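Visitor: Just so it is clear, I am handing over start-v3.txt, which has compact mmCIF, C-alpha atoms.
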```txt
# COMPACT_ATOMS: atom_id res chain seq x y z
CA MET J 82 28.59 -2.39 -40.77
CA LYS J 83 25.47 -0.17 -40.75
CA ARG J 84 23.38 -3.03 -42.06
CA THR J 85 24.55 -5.32 -39.20
CA ARG J 86 23.61 -2.69 -36.59
CA LEU J 87 20.23 -2.19 -38.24
CA VAL J 88 19.53 -5.95 -38.26
CA ARG J 89 20.61 -6.22 -34.61
CA ALA J 90 18.46 -3.26 -33.58
CA MET J 91 15.43 -4.67 -35.40
CA GLY J 92 16.03 -8.12 -33.89
CA ILE J 93 16.24 -6.72 -30.36
CA SER J 94 13.07 -4.68 -30.95
CA LEU J 95 11.21 -7.74 -32.23
CA ILE J 96 12.34 -9.88 -29.30
CA ALA J 97 11.42 -7.18 -26.75
CA GLY J 98 8.04 -6.67 -28.44
CA SER J 99 7.25 -10.37 -28.44
CA MET J 100 8.23 -10.64 -24.76
CA ALA J 101 5.92 -7.74 -23.87
CA PHE J 102 3.10 -9.33 -25.85
CA GLY J 103 3.71 -12.68 -24.16
CA LEU J 104 3.69 -11.12 -20.68
CA SER J 105 0.45 -9.24 -21.27
CA ALA J 106 -1.35 -12.51 -21.93
CA GLN J 107 -0.49 -13.69 -18.39
CA ALA J 108 -1.97 -12.38 -15.15
CA ALA J 109 -0.37 -9.12 -14.05
CA GLN J 110 2.00 -9.37 -11.09
CA GLY J 111 0.94 -7.30 -8.10
CA LEU J 112 -2.68 -7.17 -9.23
CA TYR J 113 -5.13 -9.30 -7.29
CA SER J 114 -8.80 -10.13 -7.64
CA ALA J 115 -10.82 -9.50 -4.47
CA ASP J 116 -13.35 -12.07 -5.65
CA GLU J 117 -10.64 -14.71 -5.94
CA LEU J 118 -9.06 -13.64 -2.61
CA MET J 119 -12.30 -14.40 -0.78
CA ASP J 120 -12.13 -17.87 0.80
CA ALA J 121 -8.36 -18.10 0.20
CA ASP J 122 -6.59 -20.40 2.64
CA VAL J 123 -4.63 -18.63 5.40
CA TYR J 124 -1.36 -20.03 6.76
CA ASP J 125 0.56 -19.15 9.93
CA SER J 126 4.30 -18.42 10.06
CA ASN J 127 5.00 -22.17 10.29
CA GLY J 128 3.08 -22.92 7.10
CA GLU J 129 0.12 -24.51 8.92
CA GLU J 130 -3.35 -23.72 7.58
CA VAL J 131 -5.25 -21.70 10.20
CA GLY J 132 -8.36 -20.51 8.37
CA GLU J 133 -9.67 -18.72 5.33
CA VAL J 134 -10.40 -15.17 4.21
CA GLU J 135 -13.95 -14.27 5.19
CA ASP J 136 -13.96 -10.56 4.21
CA ILE J 137 -11.75 -7.75 2.90
CA LEU J 138 -12.00 -4.40 4.70
CA MET J 139 -11.16 -1.24 2.75
CA GLY J 140 -10.30 2.28 3.90
CA ASP J 141 -11.65 5.55 2.52
CA ASP J 142 -8.89 5.56 -0.09
CA MET J 143 -10.09 2.11 -1.26
CA SER J 144 -6.86 0.41 -0.18
CA VAL J 145 -6.96 -2.81 1.82
CA HIS J 146 -7.09 -2.02 5.54
CA SER J 147 -7.52 -5.55 6.89
CA LEU J 148 -8.59 -9.08 6.17
CA VAL J 149 -11.23 -10.85 8.24
CA ILE J 150 -10.08 -14.43 8.76
CA LYS J 151 -12.32 -17.28 9.85
CA THR J 152 -10.24 -19.42 12.25
CA GLY J 153 -10.78 -22.54 14.29
CA ASP J 154 -13.92 -23.85 12.63
CA VAL J 155 -14.54 -27.56 12.25
CA LEU J 156 -16.49 -28.63 9.16
CA GLY J 157 -17.73 -25.06 8.78
CA LEU J 158 -19.03 -24.82 12.36
CA GLY J 159 -17.76 -22.68 15.21
CA GLY J 160 -14.57 -20.72 14.97
CA ARG J 161 -13.96 -16.99 15.24
CA ASP J 162 -13.62 -14.15 12.81
CA VAL J 163 -10.41 -12.25 13.56
CA VAL J 164 -8.94 -9.13 11.98
CA ALA J 165 -5.47 -9.15 10.42
CA GLU J 166 -4.32 -5.65 9.53
CA ARG J 167 -2.41 -4.82 6.36
CA GLY J 168 1.29 -5.41 6.92
CA SER J 169 0.76 -8.57 8.97
CA PHE J 170 0.21 -10.82 5.96
CA THR J 171 1.25 -11.37 2.38
CA VAL J 172 -0.81 -12.66 -0.52
CA ARG J 173 0.75 -15.17 -2.85
CA GLU J 174 -0.51 -16.77 -5.98
CA GLU J 175 -1.16 -20.46 -5.39
CA GLN J 176 1.26 -22.57 -7.38
CA ASP J 177 -0.42 -25.08 -9.69
CA ASP J 178 0.31 -26.78 -12.98
CA ASP J 179 -2.72 -25.37 -14.79
CA GLY J 180 -0.87 -22.24 -15.86
CA ASP J 181 -1.86 -18.64 -15.22
CA GLU J 182 -5.36 -18.30 -16.57
CA PHE J 183 -6.92 -14.84 -16.41
CA ASP J 184 -10.17 -16.03 -14.86
CA ASP J 185 -8.74 -18.81 -12.69
CA GLN J 186 -6.48 -17.27 -10.04
CA ASP J 187 -6.07 -18.88 -6.63
CA TYR J 188 -4.34 -17.20 -3.72
CA GLU J 189 -2.85 -18.09 -0.36
CA VAL J 190 -2.54 -15.66 2.54
CA HIS J 191 0.57 -16.08 4.68
CA MET J 192 0.55 -14.54 8.15
CA GLU J 193 3.67 -13.36 9.97
CA ALA J 194 2.27 -14.84 13.19
CA THR J 195 2.02 -18.19 14.97
CA GLN J 196 -1.31 -19.92 15.58
CA ASP J 197 -1.39 -18.59 19.16
CA GLU J 198 -0.71 -15.03 17.95
CA ILE J 199 -3.47 -15.38 15.35
CA LYS J 200 -5.89 -16.59 18.05
CA ALA J 201 -5.03 -13.44 20.02
CA LEU J 202 -5.96 -11.10 17.12
CA PRO J 203 -8.98 -8.89 17.77
CA GLU J 204 -12.34 -10.44 17.04
CA TYR J 205 -14.27 -8.95 14.14
CA ASP J 206 -17.45 -7.68 15.73
CA GLU J 207 -19.48 -4.47 16.08
CA SER J 208 -17.31 -3.22 18.93
CA TRP J 209 -14.12 -3.61 16.85
CA TRP J 210 -15.81 -1.99 13.86
CA ASN J 211 -16.99 1.08 15.80
CA GLN J 212 -13.69 1.51 17.64
CA THR J 213 -11.62 1.19 14.46
CA ARG J 214 -13.88 3.53 12.48
CA GLU J 215 -13.64 6.13 15.26
CA SER J 216 -9.83 5.73 15.46
CA LEU J 217 -9.46 6.19 11.70
CA SER J 218 -11.76 9.21 11.74
CA GLN J 219 -9.78 10.76 14.62
CA ALA J 220 -6.48 10.05 12.83
CA TRP J 221 -7.85 11.84 9.75
CA GLN J 222 -8.93 14.85 11.84
CA ASN J 223 -5.49 14.97 13.49
CA THR J 224 -3.83 14.84 10.07
CA LYS J 225 -5.99 17.71 8.80
CA GLU J 226 -5.27 19.82 11.89
CA THR J 227 -1.53 19.10 11.71
CA SER J 228 -1.47 19.95 8.01
CA ARG J 229 -3.39 23.18 8.61
CA SER J 230 -1.01 24.13 11.44
CA ALA J 231 2.04 23.27 9.33
CA TRP J 232 0.67 25.39 6.48
CA GLU J 233 0.12 28.37 8.80
CA ASP J 234 3.63 27.95 10.29
CA THR J 235 5.11 27.76 6.78
CA LYS J 236 3.26 30.90 5.66
CA GLN J 237 4.40 32.79 8.76
CA ALA J 238 8.01 31.62 8.43
CA THR J 239 8.07 32.48 4.73
CA SER J 240 6.64 35.95 5.39
CA SER J 241 9.16 36.54 8.15
CA ALA J 242 12.04 35.32 5.99
CA TRP J 243 10.91 37.56 3.13
CA HIS J 244 10.71 40.54 5.47
CA ASN J 245 14.25 39.81 6.79
CA VAL J 246 15.63 39.46 3.24
CA LYS J 247 13.98 42.75 2.21
CA GLU J 248 15.40 44.59 5.26
CA GLY J 249 18.85 43.09 4.58
CA ALA J 250 18.70 44.15 0.94
CA ASP J 251 17.65 47.68 1.98
CA LYS J 252 20.61 47.90 4.40
CA ILE J 253 23.05 46.67 1.75
CA SER J 254 21.61 49.18 -0.70
CA ASP J 255 21.97 52.01 1.85
CA ARG J 256 25.57 51.01 2.58
CA ALA J 257 26.36 50.86 -1.15
CA GLU J 258 24.91 54.37 -1.64
CA ASP J 259 26.92 55.69 1.30
CA ALA J 260 30.09 54.14 -0.10
CA VAL J 261 29.48 55.71 -3.50
CA ASP J 262 28.75 59.13 -1.96
CA ASN J 263 31.95 59.05 0.09
```
Could I get this structure in the form of structure tokens?
Guide:
Amino acid sequence: MKRTRLVRAMGISLIAGSMAFGLSAQAAQGLYSADELMDADVYDSNGEEVGEVEDILMGDDMSVHSLVIKTGDVLGLGGRDVVAERGSFTVREEQDDDGDEFDDQDYEVHMEATQDEIKALPEYDESWWNQTRESLSQAWQNTKETSRSAWEDTKQATSSAWHNVKEGADKISDRAEDAVDN
């Protein structure tokens, strides 16, 4: 009986280990190459191709803030660069029969918007850049001020609560002494 359990346990360990080894040889899920994401085809909510990724914009924390999408060009001429903020698109690995090669990943970007909604996205230009940078900076300042204020409020409330607990304990102690004396 013990031998059967031991063989089963070893078999399960070997199978699990081989699965982990097999998975590590493939591309990691949820990990994307910015280099490979550049020039990825972009599709609207109806599955129609509307452009390609022109640039990837990062925030101070190095997370993706937005994608710049080249739309409406014909044979590489014309078109507009629009900004799609994080949360308005998903990135998917392009399905092909070549297998998942480490150095050969292709992606598709799928928007949660129609072609008309994509055309209405803000244009990527100096005005957008300056406005967005200022908005993010102001949001950070507001966060710092709110955090500082919350910290001060917490310190004051804690000090007040401690003072009230101490006074309550003193009163209980005085009452206990009076009860013992009587």
Visitor: Between J:Asp262, J:Glu135, J:Glu248, J:Arg161, which has the minimum distance to Lys200 (chain J) (counting all atoms listed in the file)?
Guide: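 Selected residue with least distance to Lys200 (chain J): J:Arg161.
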Visitor: Could you work out how far CA of Glu174 (chain J) lies from CA of Tyr205 (chain J), giving the answer in Å with one decimal?
Guide: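 These atoms are spaced 25.6 Å apart.
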Visitor: Work out how far CA of Asp122 (chain J) is from CA of Val172 (chain J), in Å to one decimal.
Guide: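 That distance, rounded to one decimal, is 10.2 Å.
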Visitor: List as a short mmCIF file (atom, residue, chain, number, x, y, z; two decimals) with C-alpha atoms, in the coordinates of the input the protein and nucleic acid residues near Ile199 (chain J), meaning an atom at most 9 Å away when all atoms listed in the file are counted, but skip any in the same chain fewer than 2 places from it.
Guide:
```cif
data_model
loop_
_atom_site.label_atom_id
_atom_site.label_comp_id
_atom_site.auth_asym_id
_atom_site.auth_seq_id
_atom_site.Cartn_x
_atom_site.Cartn_y
_atom_site.Cartn_z
CA ASP J 125 0.56 -19.15 9.93
CA VAL J 131 -5.25 -21.70 10.20
CA THR J 152 -10.24 -19.42 12.25
CA VAL J 163 -10.41 -12.25 13.56
CA VAL J 164 -8.94 -9.13 11.98
CA ALA J 165 -5.47 -9.15 10.42
CA MET J 192 0.55 -14.54 8.15
CA ALA J 194 2.27 -14.84 13.19
CA THR J 195 2.02 -18.19 14.97
CA GLN J 196 -1.31 -19.92 15.58
CA ASP J 197 -1.39 -18.59 19.16
CA ALA J 201 -5.03 -13.44 20.02
CA LEU J 202 -5.96 -11.10 17.12
CA PRO J 203 -8.98 -8.89 17.77
#
```
Visitor: As an exercise, work out the distance from CA of Glu133 (chain J) to CA of Ser114 (chain J) in Å and give it to one decimal place.
Guide: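 Taking CA of Glu133 (chain J) as the start and CA of Ser114 (chain J) as the end point, the length is 15.6 Å.
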Visitor: So which residues touch Ser147 (chain J) within 10 Å, counting all atoms listed in the file, skipping near sequence neighbours fewer than 2 positions away, as a PyMOL selection string?
Guide: chain J and resi 136-140+144-145+149-150+163-170
Visitor: Using all atoms of region 216-225 of chain J listed in the file and a margin of 8 Å per side, can you give the axis-aligned box centre and edge lengths in Å to one decimal, as lines of an AutoDock Vina configuration file?
Guide:
```
center_x = -7.8
center_y = 11.7
center_z = 12.1
size_x = 23.9
size_y = 28.0
size_z = 22.7
```
